[in-house]
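First comes the structure, then the notes that go with it.
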Amino acid sequence: MIPPSTHGASSAERALSSASARAGSTDRDVAAFYAAAMRKHKLLLVALPLTLAAIAGTGSLLRPRMYAARAAFLASEPQSMSGSLGALSSVASQLGVPALSAIASGSAGLSPQFYADLLTSNTVLHALVTERFDANKVEENGGEPFTGTLVEYFHPKGKTPTDNELSAMKSVVSRTLTVSVDRVTGIVRFEVLTENRQLSAIVARRLLEFVNDFNLRRRQTQASAEREFDARRSRAALDSLHLAEANLAEFRTSNIDFSRSPRLATHEAELQRRIAIAQQIYSAIAQRYELANIEAVRNTPVITVFDAPEGLVEARPRHTVAITIGAFFLGALLAAAIALVRERGDVGRYAERAL
């Protein structure tokens with residue numbers, strides 16, 4: 001007679017073995033089902049990946065190659081301009097002209113982010129898309145020749161010319177122009193991406209010219225405003241100097257010998273101090289006026305270009321091989337999914353007919 005404990009253990013072992021056998025049989029059935037489905041739809045498993053790979057590869061080869069022109073610049077005011085604006089701010093504060101003081105102190109230097117925003121401003125973008133570019137001298141693998149405006153380049157579908165210009169401006173921001181700012185060094189970098197190597201370089205150079213022209217106009221406008229301010233103050237200071245000199249001359253005419261009178265001697269010294277102060281004020285304003293005259297006509301560049309766009313335009317790869325391989329694997333997964341769905345549907349219909 002077998003002990004109860006031993007009999008119970010044998011039953012449990014037999015149950016476990018039976019469950020393992022059923023699980024193994026189920027796994028084999030599932031694997032057999034998948035293998036049968038793959039064999040049954042092997043044409044689909046071959047045709048669909050190859051078709052998608054061929055379509056993706058052909059589309060990648062037919063897609064125009066893009067060319068990236070990069071440029072970088074650092075905007076800085078000349079030393080004379082910065083000092084002149086600082087002096088103007090100080091004098092304007094002392095004379096009680098807060099508006100002019102704020103303009104001068106705020107204009108002494110603009111942040112790099114300002115120039116990044118300037119490149120994507122409506123004023124610059126509108127001037128860029130409406131300007132005509134000649135990019136016919138393309139080298140081998142340099143893209144298709146192009147002559148015209150960027151509005152014509154993007155082929156917008158607007159109802160009016162204004163709509164077309166606005167659409168081209170948006171296309172420049174979203175597809176053509178990328179701007180970044182290095183916060184540590186203050187260098188502004190941007191990239192222009194088009195289908196024509198020469199066009200990318202020309203557009204990048206034109207953007208640099210827009211920034212420089214803006215700085216020149218801003219500097220000349222500020223210098224002109226400072227010149228007008230200094231001209232008025234110079235006349236007022238000269239009048240004050242003439243008045244102080246006239247008072248001293250009148251005093252000396254009326255008091256030929258005042259050496260024995262301490263009160264008259266003190267008054268004469270005070271009149272001389274007024275003349276000295278008036279002379280200092282007039283000299284300082286006259287110097288600033290002459291400096292403003294120079295700055296108002298200065299046309300030297302005020303941006304330092306670190307990376308020029310000419311000659312270093314990069315041809316962007318199409319990644320045809322990677323796209324083709326990715327499309328092939330995607331097609332294989334899609335074909336396998338379709339095969340399994342079809343096989344499950346066939347099994348379900350067979351089971352319904354058997355019932």
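Naming works like this for the structure tokens: A, B, ... for the chains as they're shown, residue 1 at the start of each chain, ligands 1 onward in shown order.
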Exercise. If you run DSSP on the backbone, which residues of range 134-226 of chain A are alpha helix (DSSP H), as an MDAnalysis selection string?
Worked result: chainID A and resid 150:154 161:171 197:226
Seminar exercise, completed: For Asn196 in chain A, the closest of A:Val138, A:Ala278, A:Ala116, A:Ala236 counting only C-alpha atoms is A:Val138
For this session: Just the strand (DSSP E) stuff from range 85-279 of chain A, please, per backbone DSSP, written as a list in words.
Result: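 Answer for range 85-279 of chain A restricted to strand (DSSP E) is Arg132, Phe133, Asp134, Ala135, Phe146, Thr147, Gly148, Thr149, Leu177, Thr178, Val179, Ser180, Val181, Val188, Arg189, Phe190, Glu191, Val192, Leu193 and Thr194 of chain A.
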Exercise. Which is closer to Ser121 in chain A than all the others in A:Leu207, A:Leu45, A:Ile187, A:Ile55, using only C-alpha atoms?
Worked result: A:Leu207
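Between CA of His267 in chain A and CA of Phe251 in chain A there is a distance of 8.9 Å.
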Could you list, with a cut-off of 8 Å and counting only C-alpha atoms, the residues of range 188-292 of chain A near range 171-179 of chain A, each shown with its nearest atom pair and the distance in Å rounded to one decimal, rows sorted by chain and ascending number, as a Markdown table?
| residue | atom | partner | partner_atom | distance |
| --- | --- | --- | --- | --- |
| A:Val188 | CA | A:Val179 | CA | 7.4 |
| A:Arg189 | CA | A:Val179 | CA | 5.9 |
| A:Phe190 | CA | A:Val179 | CA | 4.2 |
| A:Glu191 | CA | A:Thr178 | CA | 5.1 |
| A:Val192 | CA | A:Leu177 | CA | 4.9 |
| A:Leu193 | CA | A:Thr176 | CA | 4.7 |
| A:Thr194 | CA | A:Thr176 | CA | 6.3 |
Problem set entry | A:Ala244, A:Val151, A:Ala168, A:Val313 ranked by distance to Arg274 in chain A, top pick (using only C-alpha atoms) |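 Nearest candidate to Arg274 in chain A out of A:Ala244, A:Val151, A:Ala168, A:Val313: A:Ala244.
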For this session: Enter the distance from CA of Pro49 in chain A to CA of Ala322 in chain A, in Å, rounded to one decimal.
Result: 14.2 Å
For this session: Have a look at A:Leu264, A:Ala71, A:Phe154, A:Thr162 and name the one nearest to Arg205 in chain A; count only C-alpha atoms.
Result: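 Once distances to Arg205 in chain A are computed over only C-alpha atoms, the minimum belongs to A:Ala71.
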Problem set entry | Atom pair CA of Ala54 in chain A / CA of Thr324 in chain A: separation (Å) | 7.1 Å
Exercise. If you count only C-alpha atoms, which residues fall within 10 Å of Pro145 in chain A, apart from same-chain ones fewer than 4 positions away, as number ranges by chain?
Worked result: A: 134-139, 195-199
Those residues you just picked out, can you put them in a file as an mmCIF file, in the first residue's frame with N, CA, C and O atoms?
data_model
loop_
_atom_site.group_PDB
_atom_site.id
_atom_site.type_symbol
_atom_site.label_atom_id
_atom_site.label_comp_id
_atom_site.auth_asym_id
_atom_site.auth_seq_id
_atom_site.Cartn_x
_atom_site.Cartn_y
_atom_site.Cartn_z
ATOM 1 N N ASP A 134 19.808 86.310 -58.480
ATOM 2 C CA ASP A 134 20.301 85.659 -59.686
ATOM 3 C C ASP A 134 21.234 84.529 -59.269
ATOM 4 O O ASP A 134 22.362 84.769 -58.849
ATOM 5 N N ALA A 135 20.763 83.292 -59.377
ATOM 6 C CA ALA A 135 21.547 82.115 -58.986
ATOM 7 C C ALA A 135 21.632 81.153 -60.165
ATOM 8 O O ALA A 135 21.309 79.970 -60.055
ATOM 9 N N ASN A 136 22.066 81.677 -61.299
ATOM 10 C CA ASN A 136 22.164 80.858 -62.501
ATOM 11 C C ASN A 136 23.506 80.166 -62.647
ATOM 12 O O ASN A 136 23.612 79.172 -63.370
ATOM 13 N N LYS A 137 24.536 80.677 -61.977
ATOM 14 C CA LYS A 137 25.870 80.109 -62.121
ATOM 15 C C LYS A 137 26.056 78.984 -61.108
ATOM 16 O O LYS A 137 26.751 79.131 -60.101
ATOM 17 N N VAL A 138 25.418 77.867 -61.382
ATOM 18 C CA VAL A 138 25.514 76.722 -60.476
ATOM 19 C C VAL A 138 26.538 75.744 -61.020
ATOM 20 O O VAL A 138 26.626 75.508 -62.229
ATOM 21 N N GLU A 139 27.315 75.178 -60.130
ATOM 22 C CA GLU A 139 28.295 74.177 -60.525
ATOM 23 C C GLU A 139 27.624 72.805 -60.613
ATOM 24 O O GLU A 139 26.422 72.658 -60.394
ATOM 25 N N GLU A 195 17.293 74.800 -52.424
ATOM 26 C CA GLU A 195 17.609 73.748 -53.394
ATOM 27 C C GLU A 195 18.695 74.175 -54.380
ATOM 28 O O GLU A 195 18.976 73.447 -55.338
ATOM 29 N N ASN A 196 19.282 75.354 -54.176
ATOM 30 C CA ASN A 196 20.304 75.885 -55.070
ATOM 31 C C ASN A 196 21.494 76.328 -54.233
ATOM 32 O O ASN A 196 21.351 77.146 -53.318
ATOM 33 N N ARG A 197 22.674 75.772 -54.519
ATOM 34 C CA ARG A 197 23.856 76.076 -53.710
ATOM 35 C C ARG A 197 24.186 77.571 -53.739
ATOM 36 O O ARG A 197 24.469 78.178 -52.696
ATOM 37 N N GLN A 198 24.147 78.166 -54.899
ATOM 38 C CA GLN A 198 24.468 79.587 -55.013
ATOM 39 C C GLN A 198 23.406 80.450 -54.349
ATOM 40 O O GLN A 198 23.718 81.458 -53.702
ATOM 41 N N LEU A 199 22.148 80.065 -54.479
ATOM 42 C CA LEU A 199 21.065 80.838 -53.870
ATOM 43 C C LEU A 199 21.193 80.852 -52.354
ATOM 44 O O LEU A 199 20.960 81.889 -51.717
#
For this session: Determine the nearest neighbour of Arg183 in chain A from the options A:Ala337, A:Ser111, A:Thr51, A:Arg39, counting only C-alpha atoms.
Result: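 Looking only at the distances to Arg183 in chain A, the closest residue turns out to be A:Ser111.
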